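Asker: Right, I'll just put the structure down here and ask away after.
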Amino acid sequence: MTDEIVRRLAEIVGEEHVTDKTFIRAAYTQDFGVQPPRWPAYVVRPGSAEEIAAVVRLANEYRIPITPRGGGSAQEGGCQSEGGIVLETLRLNRILAIDESAGTVTVEAGITFVKLMAELEKRGWKIGIAPSGAMAGTPGAHVSRPGVGWGNIKYVCQGDQVIALKAVLPTGEIISTGTRANPNARPFFRYALGPDLAGLFIGAEGAFGILTEITLRMYPWPKQIYLERYIGTNLRDAVEIFRQIAHHNLVCYISVPVIEPEHILFDVNVEGDPPEVEHRVQRIRDIVRQYPSVRYEGPDAPSRFWERRWFLTGEEFKQGIAGAVNYFLPFDKLEEATYIMRDIILRHGIQRFAQQMFPEPTGAEHVNLLFHHSGDKEEYAKIHRAIGEMMDKALELGGAPYSKGRQWAPYLEKHLGGTGYWETLKALKRALDPNHIMNPGVLGL
Amino acid sequence: MALERFARYIYDCTRCGFCRVWGWEGVEHVCPTYPHTTAWDTEYARGRVRLARAVLEKELDVTPDMLEHIYECTLCGNCEVHCPIELPLVDIFHALREELAGGGCQLQTHEQITFFIERYDNPYGPKPDEEVVPEYARKETAEVLFFPGCTNTRMAPEEVEAVAELFQGLGLDFAIFDDDTCCGFPLYEIGQMEGFRRAAARTMERIRRRQPKIIVASCPACYRALKELYQQDEELRHDFEVQHLSEFLLPRVPGRLKPLVEKVTWHDPCVLGRHQGIYEEPREVLRQVPGLELVEMESHHENSLCCGAGGGVFFSRQDVAVKTVESRLEQALATRARYLVTSCPNCYVRFRQSIRKGRRPIRPASLATLINEVLKHGTDTDASSGD
Ligand SMILES: Cc1cc2nc3c(=O)[nH]c(=O)nc-3n(C[C@H](O)[C@H](O)[C@H](O)COP(=O)(O)OP(=O)(O)OC[C@H]3O[C@@H](n4cnc5c(N)ncnc54)[C@H](O)[C@@H]3O)c2cc1C
Ligand code: SF4
Ligand code: SF4
């Protein structure tokens, strides 16, 4: 049967775009995280939505699970498949339309963020949110997680930037959302015609279908982008500053790459016309001034970082591969959670780790990265135990992960199982994916 | 085990995927060959590191297709420059080849060069009757010995002629190595270390007989072999000073060159630039030419795009090599330069071939041919032998 499936897949995507070779599959067993390897039986690289639909129909015919994968740069094992088809979207890498009238850009799901942003920048435009892993990450995946990144306060999350989606459903039909559902309309408004079906895919990580095209909002490139850095010694004060800056919507984003006891480093990024930037920066400084535990460090270091940001974001992983426990919390829970997570990390004897925050308008992403060298099996086992406990704790504290993949699945089921939300998700899954072939196991579905 | 030394780094790869495409800072694709392959993950650095791990752990049987993917890499080093955690990727990929070759795995397409070097001391086969080195440069001893290497001699004899004229024009006491032997680098690149050592020993013995003060090479591979690789081996170690042609010319040409009022662009050969850090010397030499306007391609210096021929790719995957050189040529054409200059016979020959075939409006030139022409004539001369 194996050869038959390869042959059938080749009929759809062309011989050179399908493989069951062991050495190639080896490179599709993991992502950027620490989930144990899972071996797909096949990898396909389709070139269009129609080809994806045909692959999905074939997967139904043979009841083979199918998992979409972009750059494989997420951290929770969402793009892994045990014995199924990994469908890599990287051949879908075009910018389809830059609609300057509507202020939207439509791309294929597998373009990388940096390529998209570089093209927009040439024309004087930008998107709202991009992940730090923009060099490898794809919009198809980022919308599906949905990811956060540079722009979290002003633009919130990639989900918020979505105007329209085109997707292949688990049974192989192709649908469009927002105004795009009207065959005569361009994608220019999300909440129109009927219920917001884009929401079905945002956060689903492929469980409800494979995104093939994405329309995001775009914005005129700001006249000025200004960054400055602060260092604090008191986490509570720092979080209070984040809250005030966020509630007054003063910045594009705040990034807090270092949270250590009595050393909290954060950068603010303000964009706009020069007088507007100056006004916002003054207001930020006024807020900070109320907290003597925080000192001003100036614009030099963050500006240098900003220039090379898409490269430098990868540098912190010189410490090793990271087991990531990233989740949202409201502002008033952040300090407590930081200490609790730190205690768990230390109790498990983890040597190298980083705690960070990326504030949102209503709370913050709380990031915990536990580093190890992947040859070190003992350290790996410790990290696994620690991140399990941390995910459990995060949900207990009222936290919520944006990206779940396979890593969070058992804990989501534990804490959400039996709720109306969980049961509805499951019912939707049964209805839309009767053969249970679309990225099964992701999110715990 | 050759790979064992790099185990730590192999395990450190975070699988971030930054080594595939960039689309930023003048780097379109990190991996020059990847866009011209079937583009599986094993066809750029991240997947190749995964294959290195598989070989290290003896996890997989090495199949011919797996070898193909491993050897589609030109060892250009662009991924190393763009890896945020600075993995020594070229060393890893070289050790992987060494490991495989040591275990008897070899691409069929590489068998011929291995055989030719063993048998004729030259990857291009038996020595042709025609003598490339001019009579006046074929001396037993001289202060300066120019080592042309196999590719210049066999594929770009105009380089050898130009160097002879140039050195004579500069009034030097020089000889050109005319034994037609290869430095062994092609075997080093494909991981055939035993063969490399044997070839290098034979070449070294012939160089020693000549007792030069300085050995000059215009081929970056010969330069690296003589300057660095031989010195790592007890038997091959020597006391000769080794200089790349650009280093050698730099103090010798100022004030002596006639004008050439043309736009010129410089292609950084990977083995010269990224592998040995020589970026400025050739540019400086070109700047000594009055009237010459040096313009950069979109990717240059550390970001330079490989011509596609290195790492044995030219011998194993001509299809990939030909497409890769086209990508680089596009960048050269975009500068609207009149000359595309380099100092690597591999790059030069590929450019020459591609430019001729496509009748492209740019002239390929080597540093030696161009400088020789401006030493002699200056403007209105045809420094290129390629159009
Ligand atoms: C150094 C570094 C820093 C990072 N920083 C951030 C950050 O700041 N914020 C952030 O959000 N992420 C970050 N990431 C993670 C990642 O780069 C992004 O989330 C990126 O968008 C994931 O894209 P991908 O294509 O690599 O995802 P993959 O790993 O390939 O896939 C992720 C998930 O999306 C699903 N998926 C993929 N394509 C589709 C599709 N077309 N339709 C439906 N589902 C799909 C997969 O099944 C999987 O569940 C970082 C990564 C790196 C390497
Ligand atoms: S950039 Fe470096 S760390 Fe990242 S995947 Fe490539 S080789 Fe590995
Ligand atoms: S050395 Fe060059 S060809 Fe080889 S993987 Fe790296 S970038 Fe690609």
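Every chain in the structure tokens has a letter given in the order shown (A, B, ...), and although residue numbers restart at 1 in each chain, ligands are simply numbered from 1 in the order shown.
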Mind listing the residues within 7 Å of ligand 1, only C-alpha atoms and all ligand atoms counted, as a VMD selection string?

Answerer: (chain A and resid 31 to 32 67 to 75 77 to 79 89 109 to 110 131 to 134 136 to 142 144 to 150 205 to 206 209 to 212 313 to 314 405 439 442) or (chain B and resid 16 to 17)

Asker: Got a sec to pull out which chain A residues are within 7 Å of chain B, counting only C-alpha atoms, and send them as a ChimeraX atom specification?

Answerer: /A:16,23-24,27,31-32,71,73,114-115,118,135-136,311-312,314-315,317-318,320-321,373-375

Asker: Identify all residues of stretch 67-118 of chain A in strand (DSSP E or B) (DSSP on the backbone) and supply them as a list in words.

Answerer: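 Secondary structure check on stretch 67-118 of chain A, strand (DSSP E or B): Thr67, Pro68, Arg69, Ile85, Val86, Leu87, Glu88, Ile95, Leu96, Ala97, Ile98, Asp99, Thr104, Val105, Thr106, Val107 and Glu108 of chain A.
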
Asker: Could you turn the residues from that selection into a file that holds all heavy atoms, as a compact mmCIF listing (two decimals), in the first residue's frame?

Answerer:
# COMPACT_ATOMS: atom_id res chain seq x y z
N THR A 67 -0.69 16.38 8.53
CA THR A 67 -0.27 17.50 9.39
C THR A 67 0.36 18.59 8.55
O THR A 67 1.32 18.33 7.82
CB THR A 67 0.78 17.01 10.41
OG1 THR A 67 0.16 16.13 11.33
CG2 THR A 67 1.41 18.15 11.18
N PRO A 68 -0.18 19.82 8.64
CA PRO A 68 0.48 20.91 7.91
C PRO A 68 1.75 21.34 8.63
O PRO A 68 1.83 21.29 9.86
CB PRO A 68 -0.55 22.03 7.92
CG PRO A 68 -1.46 21.75 9.06
CD PRO A 68 -1.40 20.28 9.34
N ARG A 69 2.70 21.76 7.85
CA ARG A 69 3.95 22.27 8.42
C ARG A 69 4.45 23.41 7.54
O ARG A 69 4.43 23.30 6.31
CB ARG A 69 4.99 21.14 8.45
CG ARG A 69 6.40 21.60 8.78
CD ARG A 69 7.35 20.41 8.85
NE ARG A 69 8.72 20.84 8.66
CZ ARG A 69 9.71 20.58 9.53
NH1 ARG A 69 9.48 19.90 10.63
NH2 ARG A 69 10.92 21.01 9.28
N ILE A 85 0.99 11.88 7.03
CA ILE A 85 1.57 12.73 5.97
C ILE A 85 1.93 14.08 6.58
O ILE A 85 1.07 14.72 7.19
CB ILE A 85 0.54 12.97 4.84
CG1 ILE A 85 0.10 11.65 4.21
CG2 ILE A 85 1.09 13.92 3.80
CD1 ILE A 85 -1.08 11.79 3.24
N VAL A 86 3.16 14.51 6.42
CA VAL A 86 3.47 15.90 6.72
C VAL A 86 3.35 16.67 5.41
O VAL A 86 3.96 16.29 4.40
CB VAL A 86 4.88 16.07 7.34
CG1 VAL A 86 5.36 17.50 7.20
CG2 VAL A 86 4.86 15.70 8.82
N LEU A 87 2.53 17.72 5.45
CA LEU A 87 2.30 18.52 4.24
C LEU A 87 3.01 19.85 4.42
O LEU A 87 2.59 20.67 5.23
CB LEU A 87 0.80 18.70 4.05
CG LEU A 87 0.33 19.46 2.81
CD1 LEU A 87 -1.01 18.91 2.34
CD2 LEU A 87 0.23 20.95 3.05
N GLU A 88 4.13 20.02 3.73
CA GLU A 88 4.93 21.23 3.89
C GLU A 88 4.43 22.30 2.94
O GLU A 88 4.28 22.05 1.75
CB GLU A 88 6.40 20.90 3.61
CG GLU A 88 7.36 21.96 4.09
CD GLU A 88 8.74 21.79 3.49
OE1 GLU A 88 8.89 21.94 2.27
OE2 GLU A 88 9.67 21.52 4.25
N ILE A 95 3.43 36.46 -2.69
CA ILE A 95 2.55 37.55 -2.26
C ILE A 95 1.53 37.68 -3.37
O ILE A 95 1.90 37.90 -4.52
CB ILE A 95 3.33 38.86 -2.09
CG1 ILE A 95 4.37 38.71 -0.97
CG2 ILE A 95 2.37 40.02 -1.79
CD1 ILE A 95 5.24 39.93 -0.77
N LEU A 96 0.26 37.51 -3.06
CA LEU A 96 -0.74 37.49 -4.13
C LEU A 96 -1.30 38.88 -4.45
O LEU A 96 -1.57 39.18 -5.60
CB LEU A 96 -1.89 36.55 -3.75
CG LEU A 96 -1.49 35.08 -3.57
CD1 LEU A 96 -2.64 34.27 -3.04
CD2 LEU A 96 -0.99 34.49 -4.89
N ALA A 97 -1.48 39.70 -3.41
CA ALA A 97 -2.02 41.03 -3.67
C ALA A 97 -1.64 41.98 -2.55
O ALA A 97 -1.73 41.64 -1.37
CB ALA A 97 -3.54 40.96 -3.79
N ILE A 98 -1.18 43.16 -2.97
CA ILE A 98 -0.99 44.24 -2.01
C ILE A 98 -2.06 45.27 -2.36
O ILE A 98 -1.98 45.92 -3.40
CB ILE A 98 0.43 44.82 -2.11
CG1 ILE A 98 1.46 43.75 -1.69
CG2 ILE A 98 0.57 46.06 -1.23
CD1 ILE A 98 2.90 44.16 -1.88
N ASP A 99 -3.08 45.32 -1.53
CA ASP A 99 -4.25 46.16 -1.84
C ASP A 99 -4.12 47.47 -1.06
O ASP A 99 -4.48 47.56 0.11
CB ASP A 99 -5.52 45.40 -1.44
CG ASP A 99 -6.79 46.14 -1.83
OD1 ASP A 99 -6.72 47.38 -2.03
OD2 ASP A 99 -7.85 45.49 -1.91
N THR A 104 -4.59 46.04 2.82
CA THR A 104 -4.45 44.61 3.16
C THR A 104 -3.40 43.97 2.25
O THR A 104 -3.16 44.43 1.14
CB THR A 104 -5.77 43.84 2.94
OG1 THR A 104 -6.08 43.85 1.54
CG2 THR A 104 -6.92 44.42 3.74
N VAL A 105 -2.83 42.91 2.75
CA VAL A 105 -1.92 42.14 1.91
C VAL A 105 -2.35 40.68 1.97
O VAL A 105 -2.66 40.15 3.04
CB VAL A 105 -0.45 42.32 2.35
CG1 VAL A 105 -0.23 41.97 3.82
CG2 VAL A 105 0.50 41.46 1.49
N THR A 106 -2.42 40.06 0.80
CA THR A 106 -2.82 38.65 0.73
C THR A 106 -1.63 37.82 0.29
O THR A 106 -0.99 38.12 -0.72
CB THR A 106 -3.99 38.47 -0.26
OG1 THR A 106 -5.08 39.28 0.19
CG2 THR A 106 -4.44 37.01 -0.33
N VAL A 107 -1.32 36.82 1.11
CA VAL A 107 -0.15 35.98 0.82
C VAL A 107 -0.55 34.52 0.82
O VAL A 107 -1.58 34.14 1.39
CB VAL A 107 0.96 36.16 1.88
CG1 VAL A 107 1.54 37.56 1.83
CG2 VAL A 107 0.47 35.82 3.28
N GLU A 108 0.30 33.72 0.20
CA GLU A 108 0.13 32.28 0.35
C GLU A 108 0.70 31.89 1.71
O GLU A 108 1.57 32.56 2.26
CB GLU A 108 0.86 31.55 -0.78
CG GLU A 108 0.19 31.77 -2.12
CD GLU A 108 0.80 30.92 -3.23
OE1 GLU A 108 2.03 30.96 -3.40
OE2 GLU A 108 0.03 30.26 -3.95

Asker: Counting only C-alpha atoms and all ligand atoms, which protein, DNA or RNA residues come within 6 Å of ligand 3, given as a PyMOL selection string?

Answerer: chain B and resi 30-33+44-45+73-79+90

Asker: Excluding stretch 231-235 of chain B and its own-chain neighbours fewer than 4 positions away, which residues fall within 12 Å of it when counting only C-alpha atoms? Please give them as number ranges by chain.

Answerer: B: 193-194, 196-198, 200-205, 223-227, 239-242

Asker: Would you mind telling me which residue in A:Cys252, A:Ala301, A:Met438, A:Ala164 lies nearest to A:Arg186 when using only C-alpha atoms?

Answerer: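 Of A:Cys252, A:Ala301, A:Met438, A:Ala164, the one nearest A:Arg186, counting only C-alpha atoms, is A:Ala164.
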
Asker: Give me, as JSON, numbers by chain, the residues of stretch 95-284 of chain B that a backbone DSSP run labels helix (DSSP H, G or I).

Answerer: {"B": [95, 96, 97, 98, 99, 100, 101, 102, 108, 109, 110, 111, 112, 113, 114, 115, 116, 117, 118, 119, 120, 135, 136, 137, 149, 150, 151, 152, 153, 154, 155, 157, 158, 159, 160, 161, 162, 163, 164, 165, 166, 167, 168, 169, 185, 186, 187, 188, 189, 193, 194, 195, 196, 197, 198, 199, 200, 201, 202, 203, 204, 205, 206, 207, 208, 209, 210, 220, 221, 222, 223, 224, 225, 226, 227, 228, 229, 230, 231, 232, 245, 246, 247, 248, 249, 280, 281, 282, 283, 284]}

Asker: So how far away is atom CA of A:Glu271 from atom CA of A:Lys122, in Å?

Answerer: 17.9 Å

Asker: Given the choices B:Asn346, B:Gln288, B:Thr324, B:Gln192, which gets closest to B:Glu72 if the distance is worked out from only C-alpha atoms?

Answerer: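 Answer, going by the shortest atom-to-atom distance: B:Thr324.
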
Asker: As a PyMOL selection string, please: the residues near stretch 178-186 of chain B (cut-off 10 Å, only C-alpha atoms, same-chain neighbours under 5 positions excluded).

Answerer: chain B and resi 110+113-114+117-118+120-124+126-128+131-134+137-140+146-151+153-154+160+191-193+195-204+206-207+220-226+229-230+310-312+315

Asker: Give me the residues within 8 Å of B:Ile371 as a list in words, counting only C-alpha atoms and dropping any in the same chain fewer than 6 places off.

Answerer: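 My list of contacting residues is Leu166, Leu257 and Leu286 of chain B.
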
Asker: Put those residues in a file: all heavy atoms, as a compact mmCIF listing (two decimals), in the first residue's frame.

Answerer:
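Result file result_36.txt:
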# COMPACT_ATOMS: atom_id res chain seq x y z
N LEU B 166 52.27 39.18 -16.41
CA LEU B 166 52.14 40.16 -15.34
C LEU B 166 53.40 40.17 -14.47
O LEU B 166 53.97 41.23 -14.17
CB LEU B 166 50.90 39.78 -14.50
CG LEU B 166 50.55 40.57 -13.25
CD1 LEU B 166 50.34 42.03 -13.58
CD2 LEU B 166 49.26 40.01 -12.63
N LEU B 257 49.72 51.09 -12.92
CA LEU B 257 48.65 50.62 -13.80
C LEU B 257 48.08 51.75 -14.66
O LEU B 257 47.95 52.87 -14.19
CB LEU B 257 47.55 49.97 -12.97
CG LEU B 257 48.03 48.86 -12.02
CD1 LEU B 257 46.88 48.34 -11.17
CD2 LEU B 257 48.66 47.71 -12.81
N LEU B 286 42.03 46.30 -7.28
CA LEU B 286 41.21 46.87 -8.36
C LEU B 286 41.14 48.39 -8.25
O LEU B 286 41.14 49.10 -9.25
CB LEU B 286 39.81 46.25 -8.34
CG LEU B 286 39.73 44.78 -8.76
CD1 LEU B 286 38.34 44.22 -8.52
CD2 LEU B 286 40.11 44.62 -10.24

Asker: Fewer than 3 positions away in the same chain doesn't count, so skip those; otherwise give me all residues within 8 Å of B:Lys376, counting only C-alpha atoms, as a list in words.

Answerer: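 Near neighbours after the sequence-gap exclusion: Gly169, Leu257, Lys258, Asn372 and Glu373 of chain B.
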
Asker: Export, as a PDB file, in the first residue's frame, the selected residues with all heavy atoms.

Answerer:
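Saved the output as part_21.pdb:
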ATOM      1  N   GLY B 169      56.166  41.611 -16.393  1.00  0.00           N
ATOM      2  CA  GLY B 169      55.963  43.054 -16.490  1.00  0.00           C
ATOM      3  C   GLY B 169      56.356  43.756 -15.199  1.00  0.00           C
ATOM      4  O   GLY B 169      56.787  44.920 -15.210  1.00  0.00           O
ATOM      5  N   LEU B 257      49.724  51.094 -12.919  1.00  0.00           N
ATOM      6  CA  LEU B 257      48.654  50.615 -13.804  1.00  0.00           C
ATOM      7  C   LEU B 257      48.085  51.746 -14.657  1.00  0.00           C
ATOM      8  O   LEU B 257      47.953  52.874 -14.192  1.00  0.00           O
ATOM      9  CB  LEU B 257      47.550  49.968 -12.970  1.00  0.00           C
ATOM     10  CG  LEU B 257      48.031  48.859 -12.024  1.00  0.00           C
ATOM     11  CD1 LEU B 257      46.878  48.340 -11.169  1.00  0.00           C
ATOM     12  CD2 LEU B 257      48.660  47.707 -12.810  1.00  0.00           C
ATOM     13  N   LYS B 258      47.734  51.415 -15.880  1.00  0.00           N
ATOM     14  CA  LYS B 258      47.150  52.413 -16.772  1.00  0.00           C
ATOM     15  C   LYS B 258      45.647  52.446 -16.557  1.00  0.00           C
ATOM     16  O   LYS B 258      45.078  51.499 -16.013  1.00  0.00           O
ATOM     17  CB  LYS B 258      47.487  52.044 -18.214  1.00  0.00           C
ATOM     18  CG  LYS B 258      48.987  51.982 -18.447  1.00  0.00           C
ATOM     19  CD  LYS B 258      49.330  51.876 -19.904  1.00  0.00           C
ATOM     20  CE  LYS B 258      50.822  51.788 -20.104  1.00  0.00           C
ATOM     21  NZ  LYS B 258      51.388  50.486 -19.682  1.00  0.00           N
ATOM     22  N   ASN B 372      46.859  42.341 -15.588  1.00  0.00           N
ATOM     23  CA  ASN B 372      47.891  42.229 -16.621  1.00  0.00           C
ATOM     24  C   ASN B 372      47.603  43.180 -17.787  1.00  0.00           C
ATOM     25  O   ASN B 372      48.475  43.869 -18.278  1.00  0.00           O
ATOM     26  CB  ASN B 372      47.967  40.782 -17.114  1.00  0.00           C
ATOM     27  CG  ASN B 372      49.028  40.616 -18.177  1.00  0.00           C
ATOM     28  OD1 ASN B 372      50.116  41.176 -18.051  1.00  0.00           O
ATOM     29  ND2 ASN B 372      48.719  39.888 -19.232  1.00  0.00           N
ATOM     30  N   GLU B 373      46.332  43.234 -18.176  1.00  0.00           N
ATOM     31  CA  GLU B 373      45.975  44.109 -19.296  1.00  0.00           C
ATOM     32  C   GLU B 373      46.218  45.568 -18.959  1.00  0.00           C
ATOM     33  O   GLU B 373      46.718  46.331 -19.784  1.00  0.00           O
ATOM     34  CB  GLU B 373      44.516  43.889 -19.704  1.00  0.00           C
ATOM     35  CG  GLU B 373      44.277  42.613 -20.482  1.00  0.00           C
ATOM     36  CD  GLU B 373      45.124  42.501 -21.747  1.00  0.00           C
ATOM     37  OE1 GLU B 373      45.292  43.526 -22.450  1.00  0.00           O
ATOM     38  OE2 GLU B 373      45.634  41.396 -22.005  1.00  0.00           O
TER      39      GLU B 373
END

Asker: Fewer than 3 positions away in the same chain doesn't count, so skip those; otherwise give me all residues within 12 Å of A:Ile383, counting only C-alpha atoms, as an MDAnalysis selection string.

Answerer: chainID A and resid 33:36 320:325 344:353 368:374 376:380 386:391

Asker: Create the file for the chosen residues now, containing N, CA and C atoms and written as a compact mmCIF listing (two decimals), in the first residue's frame.

Answerer:
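part27.txt, freshly written:
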# COMPACT_ATOMS: atom_id res chain seq x y z
N GLY A 33 11.30 22.92 19.00
CA GLY A 33 11.09 22.67 20.43
C GLY A 33 11.67 21.34 20.88
N VAL A 34 11.14 20.83 21.98
CA VAL A 34 11.74 19.65 22.59
C VAL A 34 10.81 18.43 22.63
N GLN A 35 9.75 18.47 21.84
CA GLN A 35 8.90 17.29 21.78
C GLN A 35 9.73 16.12 21.22
N PRO A 36 9.51 14.90 21.74
CA PRO A 36 10.26 13.77 21.20
C PRO A 36 9.98 13.60 19.70
N GLY A 320 21.35 26.73 24.05
CA GLY A 320 20.86 25.37 23.82
C GLY A 320 19.48 25.37 23.20
N ILE A 321 18.96 24.19 22.99
CA ILE A 321 17.59 24.07 22.49
C ILE A 321 16.66 24.30 23.67
N ALA A 322 15.54 24.97 23.40
CA ALA A 322 14.70 25.37 24.53
C ALA A 322 13.41 24.57 24.61
N GLY A 323 13.12 24.09 25.79
CA GLY A 323 11.78 23.65 26.11
C GLY A 323 11.04 24.92 26.52
N ALA A 324 9.93 25.22 25.84
CA ALA A 324 9.27 26.50 26.08
C ALA A 324 7.93 26.29 26.78
N VAL A 325 7.71 27.09 27.82
CA VAL A 325 6.38 27.15 28.42
C VAL A 325 5.95 28.60 28.35
N ILE A 344 9.97 26.03 40.24
CA ILE A 344 9.86 24.70 39.60
C ILE A 344 11.14 24.42 38.81
N ILE A 345 11.57 25.40 38.05
CA ILE A 345 12.77 25.22 37.21
C ILE A 345 13.97 24.86 38.09
N LEU A 346 14.15 25.61 39.16
CA LEU A 346 15.30 25.36 40.04
C LEU A 346 15.18 24.02 40.75
N ARG A 347 13.98 23.68 41.17
CA ARG A 347 13.77 22.42 41.88
C ARG A 347 14.13 21.22 40.99
N HIS A 348 13.93 21.38 39.69
CA HIS A 348 14.28 20.29 38.78
C HIS A 348 15.76 20.31 38.40
N GLY A 349 16.48 21.22 38.99
CA GLY A 349 17.93 21.25 38.77
C GLY A 349 18.33 21.72 37.38
N ILE A 350 17.47 22.56 36.77
CA ILE A 350 17.79 23.06 35.42
C ILE A 350 18.85 24.16 35.55
N GLN A 351 19.91 24.00 34.75
CA GLN A 351 21.04 24.93 34.88
C GLN A 351 20.83 26.23 34.10
N ARG A 352 20.37 26.09 32.87
CA ARG A 352 20.29 27.28 32.02
C ARG A 352 18.83 27.53 31.64
N PHE A 353 18.35 28.71 31.95
CA PHE A 353 16.97 29.04 31.59
C PHE A 353 16.82 30.55 31.47
N ASN A 368 8.95 31.13 29.41
CA ASN A 368 9.96 30.39 30.18
C ASN A 368 10.69 29.48 29.21
N LEU A 369 11.97 29.69 29.08
CA LEU A 369 12.77 28.88 28.15
C LEU A 369 13.78 28.07 28.96
N LEU A 370 13.71 26.76 28.83
CA LEU A 370 14.60 25.88 29.59
C LEU A 370 15.57 25.24 28.59
N PHE A 371 16.83 25.65 28.67
CA PHE A 371 17.79 25.26 27.63
C PHE A 371 18.52 23.97 27.96
N HIS A 372 18.84 23.23 26.91
CA HIS A 372 19.70 22.05 27.09
C HIS A 372 20.44 21.78 25.78
N HIS A 373 21.51 21.02 25.88
CA HIS A 373 22.18 20.55 24.67
C HIS A 373 21.55 19.22 24.34
N SER A 374 21.14 19.08 23.09
CA SER A 374 20.22 17.97 22.83
C SER A 374 20.88 16.59 22.93
N ASP A 376 22.40 15.74 25.55
CA ASP A 376 22.43 15.48 26.99
C ASP A 376 21.09 14.91 27.46
N LYS A 377 21.03 13.59 27.53
CA LYS A 377 19.74 12.92 27.79
C LYS A 377 19.24 13.20 29.20
N GLU A 378 20.18 13.32 30.13
CA GLU A 378 19.78 13.56 31.52
C GLU A 378 19.10 14.92 31.66
N GLU A 379 19.75 15.93 31.04
CA GLU A 379 19.20 17.28 31.09
C GLU A 379 17.84 17.33 30.38
N TYR A 380 17.75 16.60 29.29
CA TYR A 380 16.51 16.55 28.51
C TYR A 380 15.38 15.98 29.37
N ALA A 386 10.13 19.12 34.11
CA ALA A 386 9.85 20.49 34.55
C ALA A 386 8.77 21.14 33.69
N ILE A 387 8.86 21.02 32.37
CA ILE A 387 7.86 21.73 31.55
C ILE A 387 6.47 21.13 31.74
N GLY A 388 6.40 19.82 32.01
CA GLY A 388 5.10 19.20 32.29
C GLY A 388 4.48 19.85 33.52
N GLU A 389 5.27 19.93 34.55
CA GLU A 389 4.75 20.53 35.79
C GLU A 389 4.38 22.00 35.57
N MET A 390 5.20 22.69 34.77
CA MET A 390 4.95 24.12 34.55
C MET A 390 3.68 24.36 33.74
N MET A 391 3.43 23.51 32.75
CA MET A 391 2.21 23.70 31.94
C MET A 391 0.98 23.48 32.81

Asker: Quick one, how far is atom CA of A:Ile174 from atom CA of A:Ile52?

Answerer: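 Separating atom CA of A:Ile174 from atom CA of A:Ile52 is a distance of 9.5 Å.
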
Asker: How far is it from atom CA of A:Gln158 to atom CA of A:Val251, in Å with one decimal?

Answerer: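 Between atom CA of A:Gln158 and atom CA of A:Val251 the gap works out to 17.0 Å.
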
Asker: May I ask which of the residues A:Gly298, A:Pro401, A:Pro222, A:Gly444 is the closest one to A:Glu423, counting only C-alpha atoms?

Answerer: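 The shortest atom-to-atom distance to A:Glu423 comes from A:Gly444.
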